[in-house]
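Text of target.cif, listed as mmCIF, C-alpha atoms:
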data_my_file
loop_
_atom_site.label_atom_id
_atom_site.label_comp_id
_atom_site.auth_asym_id
_atom_site.auth_seq_id
_atom_site.Cartn_x
_atom_site.Cartn_y
_atom_site.Cartn_z
CA MET P 105 19.82 -214.73 58.91
CA GLN P 106 16.82 -216.56 60.33
CA SER P 107 16.72 -220.21 59.33
CA GLN P 108 13.83 -221.66 57.34
CA THR P 109 12.95 -223.96 60.23
CA GLU P 110 12.75 -221.07 62.67
CA TYR P 111 10.67 -219.10 60.18
CA ARG P 112 8.15 -221.88 59.70
CA SER P 113 7.87 -222.44 63.43
CA ASP P 114 7.13 -218.78 64.07
CA ALA P 115 4.68 -218.60 61.22
CA SER P 116 2.59 -221.44 62.60
CA THR P 117 2.24 -219.95 66.07
CA GLN P 118 -1.30 -218.75 66.73
CA THR P 119 -2.52 -216.14 69.21
CA GLY P 120 -5.80 -216.89 70.97
CA LEU P 121 -6.60 -219.87 68.78
CA ALA P 122 -6.09 -223.56 69.56
CA LEU P 123 -5.56 -225.04 66.11
CA GLU P 124 -6.28 -228.61 65.24
CA HIS P 125 -3.01 -230.55 65.49
CA GLU P 126 -3.21 -231.52 61.84
CA TRP P 127 -3.67 -227.93 60.68
CA ALA P 128 -0.88 -226.62 62.91
CA ALA P 129 1.46 -229.31 61.62
CA PHE P 130 0.51 -228.43 58.07
CA LEU P 131 1.38 -224.75 58.54
CA GLN P 132 4.69 -225.70 60.09
CA SER P 133 5.50 -228.04 57.21
CA LEU P 134 5.03 -225.44 54.49
CA PRO P 135 8.22 -224.26 52.76
CA LEU P 136 7.04 -220.65 52.85
CA ARG P 137 10.29 -219.22 51.54
CA SER P 138 10.00 -221.06 48.24
CA PRO P 139 7.19 -220.74 45.68
CA PRO P 140 5.02 -223.75 44.81
CA LEU P 141 5.65 -225.69 41.61
CA GLN P 142 2.61 -224.01 40.06
CA PRO P 143 2.44 -220.54 41.62
CA LEU P 144 -0.65 -218.40 41.35
CA THR P 145 -0.43 -215.29 39.23
CA ALA P 146 -0.78 -211.97 41.05
CA GLN P 147 -4.29 -211.66 39.62
CA ALA P 148 -5.34 -215.19 40.63
CA LEU P 149 -3.97 -214.67 44.15
CA ALA P 150 -5.80 -211.37 44.59
CA ASP P 151 -9.02 -212.93 43.31
CA ALA P 152 -8.76 -215.92 45.66
CA ILE P 153 -8.16 -213.77 48.75
CA ALA P 154 -11.05 -211.44 47.91
CA ARG P 155 -13.46 -214.31 47.24
CA ILE P 156 -12.53 -216.08 50.47
CA MET P 157 -13.50 -212.93 52.36
CA LEU P 158 -16.61 -212.14 50.34
CA ARG P 159 -18.15 -215.60 50.55
CA THR P 160 -18.14 -215.29 54.35
CA LEU P 161 -20.30 -212.15 54.42
CA PRO P 162 -23.70 -213.94 54.47
CA SER P 163 -22.70 -215.48 57.81
CA VAL P 164 -22.88 -212.06 59.47
CA LYS P 165 -26.68 -212.24 59.55
CA LYS P 166 -26.63 -215.78 60.95
CA GLU P 167 -23.77 -215.68 63.46
CA PRO P 168 -23.47 -213.46 66.55
CA ALA P 169 -21.33 -210.45 65.85
CA TRP P 170 -18.90 -210.91 68.71
CA GLY P 171 -17.98 -213.24 71.52
CA GLU P 172 -17.33 -216.91 72.00
CA ALA P 173 -20.51 -217.97 70.19
CA ARG P 174 -18.83 -217.29 66.85
CA GLN P 175 -16.30 -220.09 66.39
CA ASP P 176 -15.32 -219.83 62.71
CA THR P 177 -11.82 -218.79 61.71
CA VAL P 178 -10.03 -217.65 58.58
CA TYR P 179 -8.99 -221.28 58.09
CA ASP P 180 -12.65 -222.31 57.85
CA ALA P 181 -13.10 -219.68 55.16
CA ILE P 182 -10.11 -220.99 53.23
CA MET P 183 -11.39 -224.55 53.38
CA ALA P 184 -14.89 -223.46 52.36
CA HIS P 185 -13.36 -221.79 49.31
CA TYR P 186 -11.74 -225.03 48.17
CA THR P 187 -14.17 -227.62 49.52
CA SER P 188 -17.85 -227.93 50.37
CA GLN P 189 -17.27 -228.03 54.14
CA VAL P 190 -19.30 -225.57 56.18
CA ALA P 191 -18.80 -226.71 59.81
CA PRO P 192 -16.07 -224.73 61.61
CA GLY P 193 -13.03 -226.91 62.26
CA ALA P 194 -14.11 -229.72 59.91
CA PHE P 195 -11.06 -229.61 57.69
CA ALA P 196 -10.61 -232.01 54.80
CA SER P 197 -7.47 -233.97 55.71
CA GLY P 198 -6.16 -234.19 52.17
CA TYR P 199 -6.05 -230.42 51.87
CA VAL P 200 -3.85 -230.00 54.94
CA GLN P 201 -1.27 -232.62 54.01
CA ASP P 202 -0.16 -231.79 50.48
CA VAL P 203 2.42 -228.98 50.36
CA GLU P 204 1.72 -228.59 46.63
CA GLY P 205 -2.07 -228.75 46.99
CA PRO P 206 -4.45 -225.81 46.49
CA VAL P 207 -4.45 -224.60 50.11
CA ALA P 208 -0.67 -224.84 50.39
CA ARG P 209 -0.24 -223.11 47.05
CA LEU P 210 -2.45 -220.25 48.24
CA LEU P 211 -0.61 -219.79 51.54
CA ARG P 212 2.85 -220.09 49.99
CA CYS P 213 1.94 -217.51 47.35
CA VAL P 214 0.47 -215.24 50.04
CA ALA P 215 3.74 -215.46 51.99
CA GLY P 216 5.73 -214.71 48.84
CA ALA P 217 3.69 -211.62 47.96
CA ALA P 218 3.18 -210.28 51.49
CA GLU P 219 6.01 -207.76 51.34
CA THR P 220 4.94 -206.21 48.04
CA ASN P 221 1.13 -206.40 48.00
CA THR P 222 -1.25 -204.95 50.60
CA ARG P 223 -3.96 -207.60 50.23
CA ALA P 224 -1.45 -210.42 50.47
CA ALA P 225 0.10 -208.79 53.55
CA LEU P 226 -3.31 -208.53 55.20
CA PHE P 227 -4.07 -212.18 54.52
CA ALA P 228 -0.59 -213.28 55.57
CA TYR P 229 -1.09 -211.64 58.96
CA LEU P 230 -4.51 -213.27 59.31
CA THR P 231 -3.19 -216.74 58.53
CA GLY P 232 0.18 -216.54 60.26
CA VAL P 233 2.38 -216.91 57.17
CA HIS P 234 3.85 -213.40 57.04
CA PRO P 235 7.62 -213.40 56.35
CA SER P 236 8.19 -211.41 59.54
CA GLY P 237 7.13 -214.45 61.56
CA THR P 238 4.36 -212.44 63.22
CA PRO P 239 1.87 -214.79 64.94
CA ALA P 240 -1.49 -215.04 63.22
CA TRP P 241 -4.00 -212.43 64.22
CA PRO P 242 -6.69 -213.88 66.55
CA PRO P 243 -10.15 -214.98 65.35
CA ALA P 244 -11.70 -211.76 66.70
CA THR P 245 -9.72 -209.84 64.08
CA TRP P 246 -11.09 -212.05 61.31
CA HIS P 247 -14.63 -211.51 62.61
CA PHE P 248 -14.04 -207.75 62.74
CA LEU P 249 -12.82 -207.75 59.13
CA ILE P 250 -15.89 -209.62 57.91
CA HIS P 251 -18.23 -207.27 59.76
CA VAL P 252 -16.44 -204.23 58.35
CA LEU P 253 -16.89 -205.59 54.82
CA PHE P 254 -20.54 -206.36 55.56
CA ALA P 255 -21.11 -202.80 56.80
CA LEU P 256 -19.41 -201.39 53.72
CA GLN P 257 -21.70 -203.52 51.56
CA GLN P 258 -24.73 -201.94 53.23
CA LEU P 259 -23.36 -198.42 52.87
CA LEU P 260 -22.33 -198.74 49.22
CA GLY P 261 -25.72 -200.07 48.17
CA GLY P 262 -26.00 -200.29 44.39
CA ILE P 263 -22.31 -199.78 43.67
CA TRP P 264 -21.17 -202.63 45.93
CA LYS P 265 -21.14 -205.08 43.02
CA SER P 266 -18.96 -202.83 40.89
CA VAL P 267 -16.51 -202.35 43.76
CA CYS P 268 -16.37 -206.13 44.27
CA LYS P 269 -15.79 -206.67 40.56
CA ALA P 270 -12.91 -204.22 40.61
CA TRP P 271 -11.54 -205.79 43.81
CA THR P 272 -11.56 -209.37 42.53
CA SER P 273 -10.18 -208.43 39.12
CA SER P 274 -7.10 -206.49 40.24
CA PRO P 275 -4.24 -207.12 42.67
CA ASN P 276 -4.02 -203.36 43.10
CA GLY P 277 -7.19 -202.96 45.14
CA ALA P 278 -10.45 -201.15 44.42
CA ALA P 279 -11.49 -197.54 44.87
CA VAL P 280 -14.09 -196.79 47.56
CA PRO P 281 -15.78 -193.35 47.40
CA ILE P 282 -14.73 -191.11 50.27
CA GLN P 283 -18.34 -190.59 51.38
CA ALA P 284 -18.75 -194.32 52.03
CA VAL P 285 -15.40 -194.42 53.81
CA TYR P 286 -16.42 -191.62 56.16
CA ASP P 287 -19.78 -193.31 56.75
CA LEU P 288 -18.03 -196.58 57.60
CA VAL P 289 -15.41 -195.11 59.90
CA GLY P 290 -17.94 -192.81 61.54
CA ASN P 291 -20.12 -195.81 62.38
CA LEU P 292 -17.14 -197.73 63.74
CA TYR P 293 -16.23 -194.87 66.05
CA SER P 294 -19.85 -194.05 66.91
CA VAL P 295 -19.75 -190.39 65.89
CA GLN P 296 -22.65 -188.35 64.55
CA VAL P 297 -20.65 -186.66 61.79
CA PRO P 298 -17.20 -187.46 60.33
CA THR P 299 -15.77 -184.19 61.65
CA ASP P 300 -16.26 -185.57 65.17
CA LEU P 301 -13.61 -188.25 64.59
CA ASP P 302 -10.64 -187.99 66.94
CA ALA P 303 -7.58 -186.32 65.46
CA PRO P 304 -5.34 -189.46 65.28
CA ILE P 305 -7.73 -191.57 63.19
CA ALA P 306 -8.77 -188.52 61.16
CA ARG P 307 -5.13 -187.90 60.21
CA ARG P 308 -4.47 -191.53 59.37
CA LEU P 309 -7.60 -191.67 57.26
CA ALA P 310 -6.72 -188.46 55.43
CA SER P 311 -3.28 -189.88 54.61
CA ILE P 312 -4.75 -192.70 52.50
CA VAL P 313 -7.21 -190.61 50.47
CA THR P 314 -6.26 -190.30 46.80
CA PRO P 315 -7.77 -188.29 43.93
CA SER P 316 -9.63 -189.90 41.03
CA SER P 317 -11.73 -188.80 38.08
CA ALA P 318 -14.84 -189.50 40.18
CA GLY P 319 -13.58 -187.61 43.22
CA PRO P 320 -11.57 -188.57 46.33
CA VAL P 321 -11.34 -192.32 46.99
CA VAL P 322 -9.61 -194.77 49.32
CA ASP P 323 -8.15 -198.10 48.26
CA LEU P 324 -10.14 -200.93 49.85
CA ASP P 325 -7.11 -203.02 50.78
CA VAL P 326 -5.37 -200.07 52.43
CA LEU P 327 -8.58 -199.14 54.26
CA LEU P 328 -9.03 -202.66 55.63
CA LEU P 329 -5.43 -202.83 56.81
CA LEU P 330 -5.77 -199.46 58.55
CA LEU P 331 -9.00 -200.38 60.33
CA ILE P 332 -7.71 -203.78 61.41
CA THR P 333 -4.56 -202.18 62.77
CA GLU P 334 -6.76 -199.79 64.75
CA PHE P 335 -8.82 -202.72 66.03
CA ASN P 336 -5.80 -204.82 67.00
CA THR P 337 -4.33 -201.93 68.98
CA GLU P 338 -7.70 -201.38 70.69
CA GLN P 339 -8.08 -197.93 69.16
CA CYS P 340 -11.25 -198.86 67.29
CA PRO P 341 -14.40 -199.68 69.30
CA ARG P 342 -16.16 -202.95 68.64
CA SER P 343 -19.39 -202.55 66.74
CA ALA P 344 -21.64 -205.13 65.11
CA LEU P 345 -22.47 -202.75 62.26
CA LEU P 346 -25.44 -204.81 61.13
CA PHE P 347 -27.35 -201.63 60.36
CA PRO P 348 -24.82 -198.84 59.69
CA ARG P 349 -26.26 -195.40 59.08
CA ARG P 350 -25.22 -192.82 56.53
CA LEU P 351 -23.43 -189.80 57.97
CA THR P 352 -22.66 -187.93 54.75
CA ASP P 353 -24.86 -186.57 51.98
#

Rewrite the structure from the file as structure tokens, please.
Amino acid sequence: MQSQTEYRSDASTQTGLALEHEWAAFLQSLPLRSPPLQPLTAQALADAIARIMLRTLPSVKKEPAWGEARQDTVYDAIMAHYTSQVAPGAFASGYVQDVEGPVARLLRCVAGAAETNTRAALFAYLTGVHPSGTPAWPPATWHFLIHVLFALQQLLGGIWKSVCKAWTSSPNGAAVPIQAVYDLVGNLYSVQVPTDLDAPIARRLASIVTPSSAGPVVDLDVLLLLLITEFNTEQCPRSALLFPRRLTD
């Protein structure tokens, strides 16, 4: 069995990101295999993860979509959620020293739920605290995730708020109408109509569609994990998606 020390060391290893020494040391110090003294409920954890992602969306219009010019990371988003800091890399020291503090509690709960909850698994991979010891996904993956959410916001229009409400209020995800899903994926893969999608992604997308009283839907957490996996394996083209177009009626 892998020792706790080995686990923490693996979990703090980053790919493509030079962490501040203090932050790296903090990740390595976290007892990820044990819950904090005051663990977050499943609902509170799901809400925190969703809000950390959602509060970053306005930056899409201000920051370049891709490339070295965009320097923020998922850690900046976490700190912004708990503090008033807005400058990338300007971490509040107190928050990255206390293993029972709010940031540590979040990450320890994420690690604990990663094997049973899709949203927690996604965030665990992003932050490098997944129980598998997988190195944290690089900043480009975080930027891709934020741009995907931003594009979905544009495509959903008036129902975006209701989807967000459902997403933040449940650890079990939120239903996204299949039309918006096809619009989003079609834009990502630069096709004119959803039927032009290549067979591999079309099959994977079809496998996560579920029925509902309002028609076919896809769970938002599952959709994000699928698209990020495609991006990380270089199957999904990069696209800024600032102005996604509708492909379905």

- Message: Using all atoms listed in the file, can you tell me which of P:Val178, P:Ala154, P:Ala240, P:Leu141 comes closest to Lys269 in chain P?
- Response: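 Smallest separation from Lys269 in chain P among the options: P:Ala154.
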
- Hits of the PyMOL selection byres ((chain P and resi 157) around 9) in this structure, as JSON, numbers by chain: {"P": [152, 153, 154, 155, 156, 158, 159, 160, 161, 178, 181, 182, 249, 250, 253]}

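Counting only C-alpha atoms and comparing P:Ala310, P:Ile305, P:Leu149, P:Ala278, the residue that lies closest to Ala217 in chain P is P:Leu149.
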
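Interatomic distance, CA of Trp264 in chain P to CA of Leu210 in chain P: 25.8 Å.
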
- Message: When you count all atoms listed in the file, which of these residues is closest to Arg174 in chain P: P:Leu301, P:Ala244, P:Leu328, P:Val233?
- Response: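 Checking each candidate against Arg174 in chain P, we get P:Ala244 as the closest.
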
- Choose the residue, out of P:Gly216, P:Pro239, P:Gly261, P:Gly198, that has the smallest atom-to-atom separation from Leu136 in chain P; count all atoms listed in the file.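 For Leu136 in chain P, the nearest of the candidates is P:Gly216.
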
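Between Pro243 in chain P and the residues P:Lys165, P:Asn336, P:Asp151, P:Thr222, the shortest atom-to-atom distance, using all atoms listed in the file, involves P:Asn336.
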
- Query: Which value, in Å to one decimal, gives the distance between CA of Val252 in chain P and CA of Leu331 in chain P?
  - Reply: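 Pair CA of Val252 in chain P / CA of Leu331 in chain P returns 8.6 Å.
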
- Query: Do you know which residues are at most 7 Å from Val313 in chain P counting all atoms listed in the file, after dropping those on the same chain fewer than 6 positions away, and could you put them as a PyMOL selection string?
  - Reply: chain P and resi 320-322

Expected file contents, prior selection, C-alpha atoms, as a PDB file, keeping the file's coordinate frame:
ATOM      1  CA  PRO P 320     -11.570-188.570  46.330  1.00  0.00           C
ATOM      2  CA  VAL P 321     -11.340-192.320  46.990  1.00  0.00           C
ATOM      3  CA  VAL P 322      -9.610-194.770  49.320  1.00  0.00           C
TER       4      VAL P 322
END

- Task: Would you translate the PyMOL selection byres ((chain P and resi 235) around 10) into the concrete set of residues it matches in this file, as a list in words?
- Result: Tyr111, Arg112, Asp114, Ala115, Leu136, Arg137, Val214, Ala215, Gly216, Ala217, Ala218, Glu219, Ala225, Ala228, Tyr229, Gly232, Val233, His234, Ser236, Gly237 and Thr238 of chain P

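We find CA of Tyr293 in chain P and CA of Pro341 in chain P to be spaced 6.1 Å apart.
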
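For the residues P:Glu167, P:Phe130, P:Val280, P:Tyr179, ranking by smallest atom-to-atom distance to Lys265 in chain P using only C-alpha atoms places P:Val280 first.
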
- Explicit residues for the PyMOL selection byres ((chain P and resi 297) around 12) (as a ChimeraX atom specification): /P:283,286-296,298-302,349-353

Generate the coordinates of N, CA and C atoms for range 289-304 of chain P; report them as a compact mmCIF listing (two decimals), keeping the file's coordinate frame.
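Output saved as result_33.txt:
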# COMPACT_ATOMS: atom_id res chain seq x y z
N VAL P 289 -16.26 -195.42 58.75
CA VAL P 289 -15.41 -195.11 59.90
C VAL P 289 -16.20 -194.38 60.98
N GLY P 290 -17.11 -193.50 60.57
CA GLY P 290 -17.94 -192.81 61.54
C GLY P 290 -18.80 -193.77 62.34
N ASN P 291 -19.33 -194.79 61.67
CA ASN P 291 -20.12 -195.81 62.38
C ASN P 291 -19.24 -196.62 63.34
N LEU P 292 -18.04 -196.96 62.89
CA LEU P 292 -17.14 -197.73 63.74
C LEU P 292 -16.80 -196.98 65.02
N TYR P 293 -16.62 -195.68 64.90
CA TYR P 293 -16.23 -194.87 66.05
C TYR P 293 -17.41 -194.20 66.73
N SER P 294 -18.62 -194.54 66.28
CA SER P 294 -19.85 -194.05 66.91
C SER P 294 -19.91 -192.53 67.02
N VAL P 295 -19.62 -191.84 65.91
CA VAL P 295 -19.75 -190.39 65.89
C VAL P 295 -20.97 -190.01 65.05
N GLN P 296 -21.47 -188.81 65.28
CA GLN P 296 -22.65 -188.35 64.55
C GLN P 296 -22.30 -187.82 63.17
N VAL P 297 -21.13 -187.18 63.07
CA VAL P 297 -20.65 -186.66 61.79
C VAL P 297 -19.16 -186.95 61.70
N PRO P 298 -18.62 -187.13 60.48
CA PRO P 298 -17.20 -187.46 60.33
C PRO P 298 -16.26 -186.46 60.98
N THR P 299 -16.65 -185.20 61.05
CA THR P 299 -15.77 -184.19 61.65
C THR P 299 -15.59 -184.40 63.15
N ASP P 300 -16.40 -185.27 63.74
CA ASP P 300 -16.26 -185.57 65.17
C ASP P 300 -15.22 -186.65 65.45
N LEU P 301 -14.63 -187.22 64.40
CA LEU P 301 -13.61 -188.25 64.59
C LEU P 301 -12.41 -187.66 65.34
N ASP P 302 -11.82 -188.45 66.22
CA ASP P 302 -10.64 -187.99 66.94
C ASP P 302 -9.51 -187.69 65.96
N ALA P 303 -8.65 -186.78 66.34
CA ALA P 303 -7.58 -186.32 65.46
C ALA P 303 -6.68 -187.45 64.94
N PRO P 304 -6.26 -188.41 65.79
CA PRO P 304 -5.34 -189.46 65.28
C PRO P 304 -5.92 -190.26 64.13
